[in-house]
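Visitor: This is protein26.pdb (PDB, C-alpha atoms).
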```
ATOM      1  CA  MET L 880     -26.831  -6.122   4.955
ATOM      2  CA  ASP L 881     -26.031  -2.929   6.769
ATOM      3  CA  GLY L 882     -24.774   0.316   5.256
ATOM      4  CA  ALA L 883     -21.154  -0.530   6.004
ATOM      5  CA  THR L 884     -21.240  -3.443   3.604
ATOM      6  CA  LYS L 885     -23.082  -1.651   0.790
ATOM      7  CA  ASP L 886     -21.006   1.525   0.986
ATOM      8  CA  PRO L 887     -17.722   1.370   2.905
ATOM      9  CA  GLY L 888     -17.431   5.159   2.476
ATOM     10  CA  SER L 889     -20.671   5.728   4.380
ATOM     11  CA  SER L 890     -20.687   7.084   7.917
ATOM     12  CA  ARG L 891     -21.236   3.514   9.176
ATOM     13  CA  GLY L 892     -18.278   2.294   7.116
ATOM     14  CA  LYS L 893     -16.097   5.087   8.510
ATOM     15  CA  ALA L 894     -17.201   4.282  12.056
ATOM     16  CA  MET L 895     -16.287   0.639  11.407
ATOM     17  CA  MET L 896     -12.768   1.611  10.275
ATOM     18  CA  ALA L 897     -12.335   3.860  13.313
ATOM     19  CA  GLU L 898     -13.021   0.826  15.525
ATOM     20  CA  LEU L 899     -10.936  -1.619  13.493
ATOM     21  CA  ASP L 900      -7.732   0.365  12.911
ATOM     22  CA  ALA L 901      -7.205   4.017  13.830
ATOM     23  CA  PRO L 902      -4.201   4.648  11.512
ATOM     24  CA  LEU L 903      -5.982   3.170   8.474
ATOM     25  CA  HIS L 904      -9.089   5.163   9.371
ATOM     26  CA  ALA L 905      -7.032   8.372   9.579
ATOM     27  CA  LEU L 906      -5.791   7.760   6.028
ATOM     28  CA  GLY L 907      -9.305   7.090   4.700
ATOM     29  CA  PHE L 908      -8.921   3.339   4.084
ATOM     30  CA  GLU L 909     -12.255   1.596   3.418
ATOM     31  CA  MET L 910     -12.620  -2.110   4.271
ATOM     32  CA  GLU L 911     -14.531  -4.295   1.811
ATOM     33  CA  GLU L 912     -13.791  -7.858   2.930
ATOM     34  CA  LEU L 913     -12.956  -8.984   6.451
ATOM     35  CA  SER L 914     -12.466 -12.675   7.250
ATOM     36  CA  PRO L 915      -9.759 -15.057   8.500
ATOM     37  CA  SER L 916      -9.248 -16.216   4.905
ATOM     38  CA  GLY L 917      -8.854 -12.784   3.344
ATOM     39  CA  LEU L 918      -9.200  -9.050   3.708
ATOM     40  CA  SER L 919      -9.551  -6.312   1.136
ATOM     41  CA  GLY L 920     -10.214  -2.639   0.932
ATOM     42  CA  ARG L 921      -9.544   0.583  -0.923
ATOM     43  CA  LEU L 922      -7.599   3.745  -0.319
ATOM     44  CA  LEU L 923      -7.951   7.012  -2.206
ATOM     45  CA  VAL L 924      -4.488   8.533  -2.588
ATOM     46  CA  THR L 925      -4.854  11.943  -0.901
ATOM     47  CA  PRO L 926      -2.189  14.529  -0.004
ATOM     48  CA  THR L 927      -2.006  12.888   3.452
ATOM     49  CA  CYS L 928      -0.856   9.624   1.799
ATOM     50  CA  CYS L 929       1.701  11.162  -0.555
ATOM     51  CA  GLN L 930       5.405  11.766  -0.482
ATOM     52  CA  PRO L 931       6.771  15.048  -1.957
ATOM     53  CA  PHE L 932       6.472  13.795  -5.545
ATOM     54  CA  LYS L 933       2.670  13.444  -5.155
ATOM     55  CA  VAL L 934       2.662   9.646  -5.281
ATOM     56  CA  LEU L 935       1.630   7.140  -2.629
ATOM     57  CA  HIS L 936       4.255   7.008   0.128
ATOM     58  CA  GLY L 937       5.890   3.569   0.430
ATOM     59  CA  GLY L 938       5.400   3.705   4.186
ATOM     60  CA  VAL L 939       1.648   3.971   3.667
ATOM     61  CA  SER L 940       1.748   0.819   1.522
ATOM     62  CA  ALA L 941       3.676  -0.920   4.324
ATOM     63  CA  LEU L 942       1.172   0.332   6.921
ATOM     64  CA  VAL L 943      -1.714  -1.080   4.884
ATOM     65  CA  ALA L 944       0.104  -4.427   4.514
ATOM     66  CA  GLU L 945       0.926  -4.724   8.225
ATOM     67  CA  ALA L 946      -2.566  -3.700   9.311
ATOM     68  CA  LEU L 947      -4.428  -6.103   7.003
ATOM     69  CA  ALA L 948      -2.092  -9.011   7.778
ATOM     70  CA  SER L 949      -2.365  -8.372  11.525
ATOM     71  CA  MET L 950      -6.168  -8.254  11.462
ATOM     72  CA  GLY L 951      -6.313 -11.417   9.373
ATOM     73  CA  ALA L 952      -3.845 -13.245  11.595
ATOM     74  CA  HIS L 953      -5.730 -12.180  14.717
ATOM     75  CA  MET L 954      -8.952 -13.660  13.307
ATOM     76  CA  ALA L 955      -7.219 -16.793  11.964
ATOM     77  CA  SER L 956      -5.710 -17.477  15.392
ATOM     78  CA  GLY L 957      -9.120 -17.473  17.043
ATOM     79  CA  TYR L 958      -8.609 -13.906  18.296
ATOM     80  CA  ARG L 959      -5.453 -14.755  20.179
ATOM     81  CA  ARG L 960      -2.649 -12.227  20.347
ATOM     82  CA  VAL L 961      -0.423 -11.783  17.282
ATOM     83  CA  ALA L 962       2.677  -9.685  16.695
ATOM     84  CA  GLY L 963       4.339  -8.794  13.420
ATOM     85  CA  VAL L 964       8.006  -9.781  13.352
ATOM     86  CA  GLN L 965       8.959  -9.183   9.711
ATOM     87  CA  LEU L 966       7.599  -7.216   6.786
ATOM     88  CA  SER L 967       9.071  -7.006   3.322
ATOM     89  CA  ILE L 968       7.557  -4.995   0.521
ATOM     90  CA  ASN L 969       8.404  -4.468  -3.117
ATOM     91  CA  HIS L 970       7.093  -1.432  -4.956
ATOM     92  CA  PHE L 971       6.642  -1.947  -8.697
ATOM     93  CA  ARG L 972       5.049   1.301  -9.828
ATOM     94  CA  ALA L 973       3.548   4.469  -8.417
ATOM     95  CA  ALA L 974      -0.022   5.393  -7.563
ATOM     96  CA  ALA L 975      -0.509   9.131  -8.037
ATOM     97  CA  LEU L 976      -2.495  11.650  -6.073
ATOM     98  CA  GLY L 977      -6.166  10.994  -6.832
ATOM     99  CA  ASP L 978      -5.710   7.318  -7.733
ATOM    100  CA  THR L 979      -7.602   4.626  -5.848
ATOM    101  CA  VAL L 980      -5.600   1.658  -4.589
ATOM    102  CA  LEU L 981      -7.068  -1.804  -3.950
ATOM    103  CA  ALA L 982      -5.365  -3.915  -1.265
ATOM    104  CA  ARG L 983      -5.925  -7.644  -0.722
ATOM    105  CA  ALA L 984      -4.415  -9.806   2.016
ATOM    106  CA  ALA L 985      -4.441 -13.607   2.109
ATOM    107  CA  PRO L 986      -2.782 -16.166   4.366
ATOM    108  CA  VAL L 987       0.121 -18.135   2.927
ATOM    109  CA  HIS L 988       0.751 -20.157   6.104
ATOM    110  CA  VAL L 989      -1.299 -20.400   9.293
ATOM    111  CA  GLY L 990       0.636 -22.450  11.813
ATOM    112  CA  ARG L 991       0.584 -22.983  15.553
ATOM    113  CA  SER L 992       3.153 -20.306  16.340
ATOM    114  CA  THR L 993       3.620 -18.289  13.142
ATOM    115  CA  GLN L 994       1.580 -17.006  10.253
ATOM    116  CA  VAL L 995       2.689 -15.604   6.913
ATOM    117  CA  TRP L 996       0.407 -13.290   4.948
ATOM    118  CA  GLU L 997       0.746 -11.946   1.419
ATOM    119  CA  VAL L 998      -0.619  -8.477   0.701
ATOM    120  CA  LYS L 999      -0.917  -7.092  -2.827
ATOM    121  CA  LEU L1000      -1.815  -3.568  -3.891
ATOM    122  CA  TRP L1001      -3.181  -2.528  -7.290
ATOM    123  CA  LYS L1002      -4.024   0.777  -8.854
ATOM    124  CA  MET L1003      -7.699   0.839  -9.867
ATOM    125  CA  ASP L1004      -8.583   1.655 -13.477
ATOM    126  CA  PRO L1005     -10.703   4.811 -13.211
ATOM    127  CA  SER L1006     -12.528   4.169 -16.489
ATOM    128  CA  THR L1007     -13.727   0.652 -15.602
ATOM    129  CA  GLY L1008     -13.473   0.509 -11.807
ATOM    130  CA  GLU L1009     -11.589  -2.754 -12.260
ATOM    131  CA  LYS L1010      -8.249  -3.782 -10.823
ATOM    132  CA  GLY L1011      -5.419  -2.233 -12.828
ATOM    133  CA  PRO L1012      -1.661  -2.700 -12.623
ATOM    134  CA  GLN L1013      -0.129  -4.117  -9.459
ATOM    135  CA  ILE L1014       1.829  -1.457  -7.601
ATOM    136  CA  ALA L1015       3.250  -3.377  -4.620
ATOM    137  CA  GLU L1016       3.504  -6.788  -2.987
ATOM    138  CA  SER L1017       4.311  -7.546   0.613
ATOM    139  CA  ARG L1018       4.938 -10.534   2.832
ATOM    140  CA  VAL L1019       4.243 -10.219   6.560
ATOM    141  CA  THR L1020       5.362 -12.784   9.158
ATOM    142  CA  LEU L1021       3.629 -12.776  12.524
ATOM    143  CA  LEU L1022       3.946 -14.665  15.772
ATOM    144  CA  SER L1023       0.530 -16.068  16.601
ATOM    145  CA  ASN L1024      -1.457 -17.819  19.304
ATOM    146  CA  MET L1025       0.295 -15.817  21.991
ATOM    147  CA  PRO L1026      -1.477 -15.421  25.347
ATOM    148  CA  LEU L1027      -3.816 -12.454  25.477
ATOM    149  CA  PRO L1028      -3.229 -10.322  28.575
ATOM    150  CA  GLU L1029      -6.345  -9.721  30.659
ATOM    151  CA  GLU L1030      -6.239  -5.964  30.016
ATOM    152  CA  HIS L1031      -6.472  -6.636  26.260
ATOM    153  CA  LYS L1032      -9.102  -9.378  26.332
ATOM    154  CA  ASN L1033     -11.483  -7.212  24.266
ATOM    155  CA  ALA L1034      -8.917  -6.421  21.550
ATOM    156  CA  GLY L1035     -10.730  -8.541  18.967
ATOM    157  CA  ASP L1036     -14.253  -7.289  19.661
ATOM    158  CA  ALA L1037     -14.416  -4.942  16.662
ATOM    159  CA  LEU L1038     -13.145  -7.664  14.323
ATOM    160  CA  LYS L1039     -15.767 -10.086  15.674
ATOM    161  CA  LYS L1040     -18.441  -7.425  15.303
ATOM    162  CA  TYR L1041     -17.745  -6.585  11.668
ATOM    163  CA  ALA L1042     -16.341  -9.838  10.218
ATOM    164  CA  SER L1043     -19.823 -11.322  10.055
ATOM    165  CA  LYS L1044     -21.171  -8.257   8.229
ATOM    166  CA  LEU L1045     -18.762  -7.962   5.308
TER     167      LEU L1045
END
```
Can the structure in the file be given as structure tokens, please?

Guide:
Amino acid sequence: MDGATKDPGSSRGKAMMAELDAPLHALGFEMEELSPSGLSGRLLVTPTCCQPFKVLHGGVSALVAEALASMGAHMASGYRRVAGVQLSINHFRAAALGDTVLARAAPVHVGRSTQVWEVKLWKMDPSTGEKGPQIAESRVTLLSNMPLPEEHKNAGDALKKYASKL
């Protein structure tokens, strides 16, 4: 195993996130699992991620959901082009500044032309490091198996590179 798998917060883990998804990387998201059957990772709630009341911004939760579902759908389609067409998210409770959030994405439906992914977010229990209360749940619908334009033929290279290592 390389350093990225043992410690997603390592410099190798950060380099991996920079290649996989620039917006998630900018927020400090750390990928833990990366496969066509599921993705997971963690996000420390920093001032960059907060709305004025010092809790995780709902748009950040939606960004995490869309990004994880899109990466998963891209892998599940055999690295063909995908495009998100609908995202719905319900927020159940807040994650405060300093909390760590766990996100997990899993496919609900992988069809020939569409995929549906479910993404759940939980606040981590700081005393045990275990999954705590669920804070949000999202459903993302994507068009899939679309032709990949020649100029984007390498779009899935980072996913291929790291999926086998996590």

Visitor: Which residues match the PyMOL selection byres ((chain L and resi 1018) around 6) in the file above, as a ChimeraX atom specification?

Guide: /L:966-967,996-997,1017,1019

Visitor: Using all atoms listed in the file, which of L:Thr1020, L:Ser949, L:Thr979, L:Ser956 sits nearest Leu923 (chain L)?

Guide: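 The shortest atom-to-atom distance to Leu923 (chain L) comes from L:Thr979.
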
Visitor: When you count all atoms listed in the file, which of these residues is closest to Gly907 (chain L): L:Gly938, L:Asn969, L:Val980, L:Val995?

Guide: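 For Gly907 (chain L), the nearest of the given residues is L:Val980.
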
Visitor: Return the single residue from L:Arg959, L:His953, L:His904, L:Lys1010 that is closest to Arg983 (chain L), with distances computed using all atoms listed in the file.

Guide: L:Lys1010

Visitor: CA of Gly1035 (chain L) to CA of Met950 (chain L): how many Å, to one decimal?

Guide: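 The value is 8.8 Å.
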
Visitor: Determine, counting all atoms listed in the file, which protein, DNA and RNA residues have an atom within 12 Å of an atom of Pro902 (chain L); residues of the same chain fewer than 4 positions away are not included. Present the result as a VMD selection string.

Guide: chain L and resid 896 to 898 906 to 909 927 to 928 939 942 to 943 945 to 947
